[in-house]
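To start, the structure itself, in C-alpha cells.
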There are 4 protein chains.
Amino acid sequence: MKTFLAKTTRLLAVAFVAAGPFFTQIAMAQENSRAIEFPDIPGYKTLKCDLHMHTVFSDGSVWPNIRVQEALRDGLDAISITDHLEYQPKIEDLPHPDRNSSYQLASEAAKNTGLIVINGAEITRSMPPGHSNALFLEDANLLNVDDPMEAFKEAKKQDAFVFWNHPHWTAQQPNGVATLTEMQIELMENGLISGIEIYNHSTYSDEALKIAMEHNLAVIGNSDIHGLIDWQYEESKGAHRPVTLVFASEKSKKAMKEAMENRQTAVWFDNTLVGYARFVGPLVESSLEIVRQDKSQVQGIEIKNHSDADFILENLSEYTLHNKASVFVAKAHETTIIQVKTLEVMDSFDLKFRVLNAFTAPDQHPEITFTVSIN
Amino acid sequence: MKTFLAKTTRLLAVAFVAAGPFFTQIAMAQENSRAIEFPDIPGYKTLKCDLHMHTVFSDGSVWPNIRVQEALRDGLDAISITDHLEYQPKIEDLPHPDRNSSYQLASEAAKNTGLIVINGAEITRSMPPGHSNALFLEDANLLNVDDPMEAFKEAKKQDAFVFWNHPHWTAQQPNGVATLTEMQIELMENGLISGIEIYNHSTYSDEALKIAMEHNLAVIGNSDIHGLIDWQYEESKGAHRPVTLVFASEKSKKAMKEAMENRQTAVWFDNTLVGYARFVGPLVESSLEIVRQDKSQVQGIEIKNHSDADFILENLSEYTLHNKASVFVAKAHETTIIQVKTLEVMDSFDLKFRVLNAFTAPDQHPEITFTVSIN
Amino acid sequence: MKTFLAKTTRLLAVAFVAAGPFFTQIAMAQENSRAIEFPDIPGYKTLKCDLHMHTVFSDGSVWPNIRVQEALRDGLDAISITDHLEYQPKIEDLPHPDRNSSYQLASEAAKNTGLIVINGAEITRSMPPGHSNALFLEDANLLNVDDPMEAFKEAKKQDAFVFWNHPHWTAQQPNGVATLTEMQIELMENGLISGIEIYNHSTYSDEALKIAMEHNLAVIGNSDIHGLIDWQYEESKGAHRPVTLVFASEKSKKAMKEAMENRQTAVWFDNTLVGYARFVGPLVESSLEIVRQDKSQVQGIEIKNHSDADFILENLSEYTLHNKASVFVAKAHETTIIQVKTLEVMDSFDLKFRVLNAFTAPDQHPEITFTVSIN
Amino acid sequence: MKTFLAKTTRLLAVAFVAAGPFFTQIAMAQENSRAIEFPDIPGYKTLKCDLHMHTVFSDGSVWPNIRVQEALRDGLDAISITDHLEYQPKIEDLPHPDRNSSYQLASEAAKNTGLIVINGAEITRSMPPGHSNALFLEDANLLNVDDPMEAFKEAKKQDAFVFWNHPHWTAQQPNGVATLTEMQIELMENGLISGIEIYNHSTYSDEALKIAMEHNLAVIGNSDIHGLIDWQYEESKGAHRPVTLVFASEKSKKAMKEAMENRQTAVWFDNTLVGYARFVGPLVESSLEIVRQDKSQVQGIEIKNHSDADFILENLSEYTLHNKASVFVAKAHETTIIQVKTLEVMDSFDLKFRVLNAFTAPDQHPEITFTVSIN
C-alpha cells in the first residue's frame, strides 16, 4: 500500500551472509521492512528490546547468531538470550558447562552492528517463585544452584536486574490470573525482583499490569521465542514481536540498566502500548506530529504518525470533525487529515484525544492534548 | 495478506466488455475484490446502495454505463443517478430535454445484472432549502420548475423519497455545522423530506446525525461521485465508497422504498457504521460469529468477522482476556481468537463488547452481548 | 515486492479534484505507480504516446477530461483523442456539429500539466480502406465527407499524419491477417498513409509489422480505449496500456510530428518492444546500465534496468555465467547480478545478449553488446 | 495479484508450535504459499527434494527440526541433512560422536508429516575429490575415515547414492569452470559417483551440465543452506530454493533411490528447469493444459499453467498469434489466452513451442507440441 509518509526503510549495515566459512556470497544492502519504529521522547532514547529468548543452549532451535540476525531485521536496540539454567533438553548433544556461552556467541555475532547484547539467564523453577529472568549478569553459572532464593541472591550480588516471567502462564497458574505468592512479595521487598512481564510471547495479563502498578515494578514484554521470530510474528499478517521499550538517557548497556531500575519502560505488542502514564503519554505525543493547514473555519489538520502504531483516537476536543466520526484511526507511518469545525477562524485552539489502544492501567487510556497555533 | 477467513470472491456475471459496438473481446470471470460485503440481519436483507451520483448529463465526467459498471465492481445492490436538474454545465454539447435520460441509459446498462437502478434527480437550490435528492421518480422533468417548494410537492405527487443532501456542505454552510432552517422544518413536517445525508463524498456530520435522530429521518450516506469511483476511493489504500445500507424485506425496488420510508437504514463509511441502534446493533451481531473452542479455564473463542468492517471492540465482559488488552480489533473477513479467563470451566457465559467504530448517536456506541454455550 | 532499484515515484503535479464546480477537496500529491517509464536514447527524447482513444463524442463512455487524467496517471507525454467522424451512436444526446470538441475539451483539461494533446479523428470506413487515424489536424470537421479518398486528401491538405488502424481487425479481416488492398497501396504511394498499427487494444499483428517494414511505415500501437484504461489494463495484474514510443528531438508537438514522419517510433505492449532496429536496439541499451564489481576471475556485473520492461536476455557472450543459465530475465527497475566466468581477470571484455522480448522484424531480435572495462 | 487459476493453498497438517515443552499454543492451519508446485508426469510422481543442507551438527545455525519445518513450508517431499563429516566448527559445544544425530532428530521432527528424511553426510575434502554427498546411508560414522577413497567405498558398501557437490565452487576451482580430475573419472567409472550438482545454493554451471550428460550422471540442484531458507530465498522477491526434482514411481524412499540411480531427475532453480529431455519435456507438457475455446478462424486457446514456472514460450507453430508476439510468457498458476490465426476453422491443428527457460543441454531447449482437437 502506498502511504503519504512512507516507513523509513533503513539499510541493514550487516550483510546476511547465509553460509558458513566455506561460502562467501554477494552481500547486498536490504530494505528492513520488519524494523520496529518508535520515536524518542523528550529527554530519552526509546530503545526497542527483547529480553527473553532461547537457543539450542536450552530448549530453543537456533544457534545464538540467528537471534542476533533476527534482532537486526526487527530493528531492535538490545536483546538478552535467557536460556534456562535448569532445563537442558539438548544436554546429550550440548553438554556445555558454561551458562554464558549463548551470550558470548551472540556478542561475537553482534560485533559492529550496534546491537546491545546483555548476558541473561532464566531461573526456571516451579511455583513459587516460577520463572524469572536475570539480566546484566557477570557469570550466569553462579546462579545455577539448588535453592531458588540463593539464585536470586546471587543475581543481586552480580547487580542484575531481575523480572518475573509470564506470571499468568497457565502451566503454573491454570486460570491464567497472575497472583502474588508470599515468596514473590518477599523477593520484591528485598529488591530481588524489579520487573514483571505483562506480555509474554502471545499472552497478556491485566492482572500483571495491576501488580506492576501496585508494587512499582518495571513493565516488561518479550517474545520468549524458541523457534523462528519470522514464523511466529509474520510480517505478511502485519504482526510484530512484542518488545519492551526502555526509555534511556542514551543507547548504552549502562543507561539501559539504569532506566530499567527506574521503571522507565513500556510494552508494545499487537498494536497496543501499555505502561506508566509518564512514558506512554509522551510516546504517543512524540509519535504524532500535528501540522495545521491554511487557516479556515473548518480547520484542516495533518496528523503525521511517525510510529509503528495504528493509533485509535477518540476526539475529546470541544469541536466536532468534518470528515471523521469521533473515533478514528491515525495509521502508522501515514498522514491522517482531520477537518476541525472550530466555528470561527482561530489563532490557536486545543485538540484533545483519548488513545484507545494505549493503556496506563487496566481500562485506562492516556489523554493527549495538542495546542494548534498560528503558523 | 493471507487471512484465515478469506473474503468471498464473487464472480461478476457481467463481462466488462470495454469497447463499443466495433469491438468484441474475450470476456472473463473476474474476482471482485472491491465488493462491499455485509451480512443480512434477522428479518432483513442488507442492501448496499449509493443514492447520489452524477454523469455527463449534469456535471459528471462519465456516461451512465460507467456508473453501473462501478456499482457492480463495488458489489452494490442499488444505485440512483441523481443529475442536477438545474445545473447543466455541459448543456452546449448535451442540450437534452429529458431529465430521465441518465436513468434510462443506466437501466439499459444494468439489464440482467441484478443491480437495481432507481430514477432520481438532485433538486439543486441555494439555501434554503439547499440540495435534495428525490428518488423513485416517475418523470424527473416535472420537478424542473422555478419555485423550490413546487419541486418538492411534485416529488411528493410522484410518491418519491426525498432526502436533504450534505447539510454540512461548507459552500452553503461555511462553518460546516448542519443547521435546520424554517423551510426544512416545514418540509419535514409536511413529509416532503424523509432523510438526511450524514455522510457525503468524504465529509461527515455529527450535527446531521443529531437532526436525523431528533426528527426521525432516515440516515443516508453517498459518494456524490462526479469523476471515477476507483480514483476517489482507492482499493490499494483500503478505501471504499460510502454507502447507505438499507434493511429491506427483500431485494426489490418496492421493498427498498418501503424500508427507507420506515427509516431502516445505516451508513457505512471509512470503516465506521452509523445508524439507529435497532439496526446497527444487529448488523454488528450478524457480522460476528462466535465459536467456542474446547472447554477450558482459559476459554478460547474464535470471532469470525463476516463483514468488511475492522471492528474495534472494547471488552465489557466480567472476564479479562489472556491474549488481548481490553480494546482490540476484529479484522474484516478474518478470524480473531480471544482467550477468556473465566476462572473456572463454564457451561455458558456472556461476552459483552462496546463497538467503538459504530455509532447509534453522536459519541454513543452499540453494546453487544454474545452468550457462549456448551457445544 | 521490494526492489533494489525502486521505480521512480513521480508526484503528479495535477491534483485529481474529482468533483465539479460544486465541490472542492483536499488535493494531495500522489505516487504515480502506473507511470510508464523508458529512458531517452542518444539524440532523442523517448515520448510515450497513446494516439487512438474515444470519448462520449463518438462511442466512448467518458468525457475528454478523463482521458487526460488517465494519461497523466500513466505518465504519458502525448495523447490524441480520435473520435469516429462517421460513427456517432450518442448523437441523440450529443448532436454536436463540431468534430474538434473532444480535442478542445481535452486541451483545456491538460492545461499546465505538460501533456501534449493532438487534434485527431478516426476516418471510419468499411474495407477498403478500413479505419485510419489522422493526427495533427487543424479542423477535423472538414474530413467528414462522403468519399473516403477525399477525407485522406483533406488530411494531407492539413498536413496531418495518417496511419492505418488495426489492419488485422477480425470485423473487417475475418482471418486476422493484415492484407494490403490496392487502395491502401495507392494511399501509401501518394503519401496519404505514413504509419500502421501493429498493436491495437489487445491484439497484435506480425503481418502488419511486415507491411510496415516493407513499405517503410511508422510502427504504431495504441489502446483504442472506449471504457476506462484502469479496468482494461489492471495494474494489479501487472498490465499496462500499449503505447507508441516516439523518439523525438524534444518534447513538443512539432518535434513529435517530425519524428513520426521520419518513422522514429517503436511499440511497447504486454512486456514486448517492437520497432525498427535503429531505435529498439538503442532503447534496450539505454535501459540497461552495466556496472562492474571488483575485478575477479568470476566477474560480478550489475545490470541496472531503468525501464518498465522485464527483459528476457539470451547470453551470446563467449563466457558462461556462474549464477544463471544462458536465458535469464533482467527485471524492470531492478538490479540483476550476473557472474561472468571470464576464466582470467580481464581489463576489458564484451557481453553480448539477444533480447528475446524485443523484435526488429517478425521472429527477429535485437542483439546488444556491452563492453565492460576497467573502472 | 489475483489469478484466474489460483495457486493451490495446501494446509499444513503440522502445527507450528513454536515453543518447547514448556509452552503449548493454539495451533492453526496455515496457507502454505511458499510450497513449490509441479505436476506429476506420465508414469512418475514428481518429488521435490533438497538433498544438501546443514545444521548445528556441522557449520549450520539451526537445529534439525527447523530444516524439517522449512521443508514443510516449502512443500518438499524429501530432504537430506548432509552435515560435514570432517568439518566441525562447533565441536567445542557439540562434541557429539554420532554422525547420524541430525538425521535422527530430523526424522523424529518429521514424524507423521509425510516428509521423507534421508540419512546423508557430506564427505568434505580438498580437491580432488572435493565435496560429495552420500545419501541413503545406514551409518554415517563409518565414512569418517582418513583416506577419501575409503569413504566412497564405505558409501558404496552401504549402497548409498553419491553425487559430486558444487564442482564449480570457486574456493576449489577459482575460475568456476567445473573440470573433471582423474580421481573423479575413476570414481564415476567405479560407480562411486552417480550424480553431480549443476546448481548449488545460488550458483549454476553449464559445464557441470555438460559433464552430467557426457557421463550419464543424475543432475542435482540443492540449497546447501546453512542459515535460514526464508532469508536466503525471500518469498517477497519471488524467490524459491533450488530443488532436485526426482521422477519416481511412487513417493517412497525406495522408489526415490531407484529413480536417482536411473538418472530420473531434473533441477528447478530461479525460474529455470534443467535436465534430461526425456523428463524436462514431459514436465513442461504436464504443466501446461491446453483448452480450446469455441471454434473460430482466430482460434482462442487457454493455456493453464499448473506449475510454479513462468514459462517463456517461443511460438514455432505454422500460425502467427493475434494477441502475442512470437515470444511470450505463460505465467505460473495462471491461465494465458492466446489467439491462433489458423486462417480457416480447423478441426484439429498443432501448436509447437520452444521453452526458452528450460534446458536439455547447454543452450538447448525442449520443443513441445500440443495437438488441439475438436471438443
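Going by the C-alpha cells order, chains are called A, B, ..., each with residues numbered from 1, while ligands are numbered from 1 in the order shown.
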
message: Using DSSP secondary structure from the backbone, list all alpha helix (DSSP H) positions within stretch 35-263 of chain C, as an MDAnalysis selection string.
response: chainID C and resid 64:73 101:110 148:157 182:189 206:214 229:232 253:261

Cut-off 7 Å: closest chain A/chain D atom pairs per residue, using only C-alpha atoms, as JSON lines:
```
{"residue": "A:Ala18", "atom": "CA", "partner": "D:Gly227", "partner_atom": "CA", "distance": 4.9}
{"residue": "A:Ala19", "atom": "CA", "partner": "D:His226", "partner_atom": "CA", "distance": 4.8}
{"residue": "A:Gly20", "atom": "CA", "partner": "D:Asp59", "partner_atom": "CA", "distance": 5.8}
{"residue": "A:Asp59", "atom": "CA", "partner": "D:Gly20", "partner_atom": "CA", "distance": 5.9}
{"residue": "A:Gly60", "atom": "CA", "partner": "D:Gly20", "partner_atom": "CA", "distance": 6.9}
{"residue": "A:Ser61", "atom": "CA", "partner": "D:Trp63", "partner_atom": "CA", "distance": 5.0}
{"residue": "A:Val62", "atom": "CA", "partner": "D:Val62", "partner_atom": "CA", "distance": 4.3}
{"residue": "A:Trp63", "atom": "CA", "partner": "D:Ser61", "partner_atom": "CA", "distance": 5.0}
{"residue": "A:Ile66", "atom": "CA", "partner": "D:Ser61", "partner_atom": "CA", "distance": 6.8}
{"residue": "A:Asp93", "atom": "CA", "partner": "D:Leu94", "partner_atom": "CA", "distance": 5.6}
{"residue": "A:Leu94", "atom": "CA", "partner": "D:Leu94", "partner_atom": "CA", "distance": 5.1}
{"residue": "A:His96", "atom": "CA", "partner": "D:Asp93", "partner_atom": "CA", "distance": 5.8}
{"residue": "A:Ile225", "atom": "CA", "partner": "D:Ala19", "partner_atom": "CA", "distance": 6.8}
{"residue": "A:His226", "atom": "CA", "partner": "D:Ala19", "partner_atom": "CA", "distance": 4.9}
{"residue": "A:Gly227", "atom": "CA", "partner": "D:Ala18", "partner_atom": "CA", "distance": 5.0}
{"residue": "A:Gln232", "atom": "CA", "partner": "D:Ala18", "partner_atom": "CA", "distance": 6.9}
```

Kindly export the residues of the current selection with N, CA and C atoms, as a PDB file, in the first residue's frame.
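What follows is the written file selection-v2.pdb:
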```pdb
ATOM      1  N   ALA A  18      24.631 -15.995   4.426  1.00  0.00           N
ATOM      2  CA  ALA A  18      23.860 -17.098   4.968  1.00  0.00           C
ATOM      3  C   ALA A  18      24.707 -18.312   5.298  1.00  0.00           C
ATOM      4  N   ALA A  19      25.806 -18.444   4.643  1.00  0.00           N
ATOM      5  CA  ALA A  19      26.533 -19.701   4.741  1.00  0.00           C
ATOM      6  C   ALA A  19      27.684 -19.602   5.724  1.00  0.00           C
ATOM      7  N   GLY A  20      28.279 -20.719   5.994  1.00  0.00           N
ATOM      8  CA  GLY A  20      29.374 -20.816   6.945  1.00  0.00           C
ATOM      9  C   GLY A  20      30.693 -20.431   6.297  1.00  0.00           C
ATOM     10  N   ASP A  59      16.231 -24.868  25.347  1.00  0.00           N
ATOM     11  CA  ASP A  59      15.224 -25.589  24.556  1.00  0.00           C
ATOM     12  C   ASP A  59      14.819 -24.855  23.273  1.00  0.00           C
ATOM     13  N   GLY A  60      15.678 -23.957  22.806  1.00  0.00           N
ATOM     14  CA  GLY A  60      15.413 -23.297  21.533  1.00  0.00           C
ATOM     15  C   GLY A  60      15.945 -24.100  20.364  1.00  0.00           C
ATOM     16  N   SER A  61      15.681 -23.637  19.156  1.00  0.00           N
ATOM     17  CA  SER A  61      16.038 -24.405  17.956  1.00  0.00           C
ATOM     18  C   SER A  61      17.070 -23.725  17.073  1.00  0.00           C
ATOM     19  N   VAL A  62      17.688 -22.667  17.554  1.00  0.00           N
ATOM     20  CA  VAL A  62      18.679 -21.982  16.709  1.00  0.00           C
ATOM     21  C   VAL A  62      19.939 -21.676  17.493  1.00  0.00           C
ATOM     22  N   TRP A  63      20.982 -21.480  16.745  1.00  0.00           N
ATOM     23  CA  TRP A  63      22.256 -21.039  17.307  1.00  0.00           C
ATOM     24  C   TRP A  63      22.140 -19.544  17.655  1.00  0.00           C
ATOM     25  N   ILE A  66      21.617 -16.569  15.011  1.00  0.00           N
ATOM     26  CA  ILE A  66      20.308 -16.331  14.388  1.00  0.00           C
ATOM     27  C   ILE A  66      19.504 -15.320  15.214  1.00  0.00           C
ATOM     28  N   ASP A  93      23.578 -33.686  23.442  1.00  0.00           N
ATOM     29  CA  ASP A  93      24.425 -33.182  22.355  1.00  0.00           C
ATOM     30  C   ASP A  93      25.225 -31.950  22.766  1.00  0.00           C
ATOM     31  N   LEU A  94      24.665 -31.170  23.698  1.00  0.00           N
ATOM     32  CA  LEU A  94      25.371 -29.968  24.156  1.00  0.00           C
ATOM     33  C   LEU A  94      25.610 -30.033  25.655  1.00  0.00           C
ATOM     34  N   HIS A  96      27.376 -28.622  27.565  1.00  0.00           N
ATOM     35  CA  HIS A  96      28.227 -27.458  27.856  1.00  0.00           C
ATOM     36  C   HIS A  96      28.139 -27.122  29.339  1.00  0.00           C
ATOM     37  N   ILE A 225      10.959 -16.344  22.502  1.00  0.00           N
ATOM     38  CA  ILE A 225      10.971 -17.152  21.282  1.00  0.00           C
ATOM     39  C   ILE A 225      11.844 -18.398  21.450  1.00  0.00           C
ATOM     40  N   HIS A 226      11.330 -19.509  20.941  1.00  0.00           N
ATOM     41  CA  HIS A 226      12.093 -20.764  20.896  1.00  0.00           C
ATOM     42  C   HIS A 226      12.413 -21.159  19.454  1.00  0.00           C
ATOM     43  N   GLY A 227      11.444 -20.953  18.559  1.00  0.00           N
ATOM     44  CA  GLY A 227      11.638 -21.267  17.137  1.00  0.00           C
ATOM     45  C   GLY A 227      12.156 -20.047  16.385  1.00  0.00           C
ATOM     46  N   GLN A 232       6.735 -16.894  13.860  1.00  0.00           N
ATOM     47  CA  GLN A 232       5.790 -16.617  14.947  1.00  0.00           C
ATOM     48  C   GLN A 232       5.073 -15.294  14.719  1.00  0.00           C
TER      49      GLN A 232
END
```

Find the spatial neighbours of D:Val219, counting only C-alpha atoms, within a cut-off of 10 Å - ignore same-chain residues fewer than 4 positions away - and output them as a PDB file with C-alpha atoms, in the first residue's frame.
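Below is the file that was written, part.pdb:
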```pdb
ATOM      1  CA  PHE D 163      26.941 -37.061  -6.041  1.00  0.00           C
ATOM      2  CA  SER D 194      26.340 -41.223  -9.743  1.00  0.00           C
ATOM      3  CA  GLY D 195      25.269 -37.597  -9.773  1.00  0.00           C
ATOM      4  CA  ILE D 196      26.540 -34.035  -9.967  1.00  0.00           C
ATOM      5  CA  GLU D 197      25.264 -30.726  -8.689  1.00  0.00           C
ATOM      6  CA  ILE D 198      24.697 -28.404 -11.627  1.00  0.00           C
ATOM      7  CA  TYR D 199      23.167 -25.877  -9.242  1.00  0.00           C
ATOM      8  CA  ALA D 208      28.671 -29.371 -14.906  1.00  0.00           C
ATOM      9  CA  LEU D 209      25.588 -29.983 -17.030  1.00  0.00           C
ATOM     10  CA  ILE D 211      29.754 -33.396 -17.661  1.00  0.00           C
ATOM     11  CA  ALA D 212      26.454 -34.863 -16.440  1.00  0.00           C
ATOM     12  CA  MET D 213      25.304 -35.524 -19.980  1.00  0.00           C
ATOM     13  CA  THR D 244      16.156 -31.608  -7.330  1.00  0.00           C
ATOM     14  CA  LEU D 245      13.023 -32.951  -8.973  1.00  0.00           C
ATOM     15  CA  VAL D 246      13.050 -36.734  -8.742  1.00  0.00           C
ATOM     16  CA  MET D 260      18.034 -41.327  -8.765  1.00  0.00           C
ATOM     17  CA  ARG D 263      19.077 -40.622 -13.543  1.00  0.00           C
ATOM     18  CA  GLN D 264      15.376 -39.674 -13.412  1.00  0.00           C
ATOM     19  CA  THR D 265      15.948 -36.138 -12.160  1.00  0.00           C
ATOM     20  CA  ALA D 266      15.805 -32.501 -13.168  1.00  0.00           C
ATOM     21  CA  VAL D 267      16.743 -29.267 -11.416  1.00  0.00           C
ATOM     22  CA  VAL D 274      17.296 -28.153 -16.439  1.00  0.00           C
ATOM     23  CA  GLY D 275      17.555 -31.869 -17.063  1.00  0.00           C
ATOM     24  CA  TYR D 276      17.398 -34.754 -19.493  1.00  0.00           C
TER      25      TYR D 276
END
```

Sel. of strand (DSSP E or B) residues, stretch 115-273 of chain D, as an mmCIF file with C-alpha atoms, in the first residue's frame:
```
data_model
loop_
_atom_site.group_PDB
_atom_site.id
_atom_site.type_symbol
_atom_site.label_atom_id
_atom_site.label_comp_id
_atom_site.auth_asym_id
_atom_site.auth_seq_id
_atom_site.Cartn_x
_atom_site.Cartn_y
_atom_site.Cartn_z
ATOM 1 C CA ILE D 116 10.808 -38.235 3.629
ATOM 2 C CA VAL D 117 14.050 -37.744 5.555
ATOM 3 C CA ILE D 118 17.143 -39.409 4.137
ATOM 4 C CA ASN D 119 20.291 -40.163 6.108
ATOM 5 C CA GLY D 120 23.079 -38.239 4.421
ATOM 6 C CA ALA D 121 26.526 -36.805 5.007
ATOM 7 C CA GLU D 122 28.948 -34.561 3.190
ATOM 8 C CA ILE D 123 32.354 -36.042 2.501
ATOM 9 C CA THR D 124 34.343 -32.836 2.790
ATOM 10 C CA HIS D 131 32.990 -32.363 -1.623
ATOM 11 C CA SER D 132 30.457 -35.096 -2.221
ATOM 12 C CA ASN D 133 27.161 -36.018 -0.634
ATOM 13 C CA ALA D 134 26.354 -39.610 0.242
ATOM 14 C CA LEU D 135 22.620 -40.306 0.635
ATOM 15 C CA PHE D 161 23.794 -42.726 -3.761
ATOM 16 C CA VAL D 162 26.725 -40.312 -4.066
ATOM 17 C CA PHE D 163 26.941 -37.061 -6.041
ATOM 18 C CA TRP D 164 29.672 -34.515 -6.573
ATOM 19 C CA GLY D 195 25.269 -37.597 -9.773
ATOM 20 C CA ILE D 196 26.540 -34.035 -9.967
ATOM 21 C CA GLU D 197 25.264 -30.726 -8.689
ATOM 22 C CA ILE D 198 24.697 -28.404 -11.627
ATOM 23 C CA TYR D 199 23.167 -25.877 -9.242
ATOM 24 C CA ASN D 200 24.252 -25.187 -5.668
ATOM 25 C CA THR D 203 25.357 -20.775 -8.465
ATOM 26 C CA TYR D 204 24.935 -22.620 -11.750
ATOM 27 C CA ALA D 218 21.960 -37.609 -12.428
ATOM 28 C CA VAL D 219 21.578 -33.818 -12.496
ATOM 29 C CA ILE D 220 21.196 -32.411 -8.997
ATOM 30 C CA GLY D 221 20.400 -28.984 -7.526
ATOM 31 C CA ASN D 222 20.228 -28.056 -3.843
ATOM 32 C CA ILE D 225 21.617 -23.950 3.268
ATOM 33 C CA VAL D 243 15.414 -28.306 -5.726
ATOM 34 C CA THR D 244 16.156 -31.608 -7.330
ATOM 35 C CA LEU D 245 13.023 -32.951 -8.973
ATOM 36 C CA VAL D 246 13.050 -36.734 -8.742
ATOM 37 C CA PHE D 247 10.658 -38.603 -11.041
ATOM 38 C CA ALA D 248 9.811 -41.698 -9.024
ATOM 39 C CA THR D 265 15.948 -36.138 -12.160
ATOM 40 C CA ALA D 266 15.805 -32.501 -13.168
ATOM 41 C CA VAL D 267 16.743 -29.267 -11.416
ATOM 42 C CA TRP D 268 14.455 -26.298 -10.702
ATOM 43 C CA PHE D 269 16.112 -23.008 -9.784
ATOM 44 C CA THR D 272 14.648 -22.336 -14.820
ATOM 45 C CA LEU D 273 14.266 -26.068 -15.469
#
```

statement: atom CA of A:Ala358 to atom CA of A:Val280 measures 7.4 Å

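Around C:Asp363, within 10 Å and counting only C-alpha atoms, the residues found are C:Asp206, C:Leu356, D:Glu314, D:Asn315, D:Leu316, D:Ala325, D:Ser326, D:Val327, once anything fewer than 6 positions away on its own chain is removed.
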
Selection near B:Glu37, 10 Å with only C-alpha atoms, sequence-local residues under 3 positions removed, as number ranges by chain: B: 7-8, 34, 40, 46-48, 74-76, 287, 306-309, 332-333

query: When you draw a straight line from atom CA of B:Pro242 to atom CA of B:Arg67, how long is it in Å?
result: 14.7 Å

- prompt: Quick one: residues within 7 Å of stretch 140-146 of chain C, only C-alpha atoms counted, chain neighbours fewer than 5 positions away excluded, as a PyMOL selection string?
  reply: chain C and resi 85-86+98-100+121+151+154-155

message: Between atom CA of B:Tyr44 and atom CA of B:Tyr103, what distance in Å does the model show, to one decimal?
response: 26.8 Å

Close residues, B:Glu289 itself excluded, 8 Å, only C-alpha atoms, min 3 positions apart in chain, as a PDB file with N, CA and C atoms, in the first residue's frame:
```
ATOM      1  N   GLU B 285     -23.846  -7.722  15.319  1.00  0.00           N
ATOM      2  CA  GLU B 285     -24.056  -9.091  15.830  1.00  0.00           C
ATOM      3  C   GLU B 285     -24.078 -10.111  14.684  1.00  0.00           C
ATOM      4  N   SER B 286     -24.686  -9.730  13.572  1.00  0.00           N
ATOM      5  CA  SER B 286     -24.722 -10.670  12.440  1.00  0.00           C
ATOM      6  C   SER B 286     -23.366 -10.782  11.761  1.00  0.00           C
ATOM      7  N   GLU B 302     -13.242 -18.193  18.961  1.00  0.00           N
ATOM      8  CA  GLU B 302     -12.983 -17.644  17.631  1.00  0.00           C
ATOM      9  C   GLU B 302     -14.062 -16.628  17.283  1.00  0.00           C
ATOM     10  N   ILE B 303     -13.650 -15.435  16.913  1.00  0.00           N
ATOM     11  CA  ILE B 303     -14.598 -14.432  16.428  1.00  0.00           C
ATOM     12  C   ILE B 303     -14.399 -14.342  14.916  1.00  0.00           C
ATOM     13  N   LYS B 304     -15.348 -14.885  14.175  1.00  0.00           N
ATOM     14  CA  LYS B 304     -15.258 -14.825  12.711  1.00  0.00           C
ATOM     15  C   LYS B 304     -16.011 -13.592  12.241  1.00  0.00           C
ATOM     16  N   ASN B 305     -15.313 -12.709  11.593  1.00  0.00           N
ATOM     17  CA  ASN B 305     -15.912 -11.457  11.126  1.00  0.00           C
ATOM     18  C   ASN B 305     -16.304 -11.608   9.659  1.00  0.00           C
ATOM     19  N   HIS B 306     -17.587 -11.642   9.392  1.00  0.00           N
ATOM     20  CA  HIS B 306     -18.080 -11.863   8.025  1.00  0.00           C
ATOM     21  C   HIS B 306     -18.360 -10.544   7.300  1.00  0.00           C
TER      22      HIS B 306
END
```
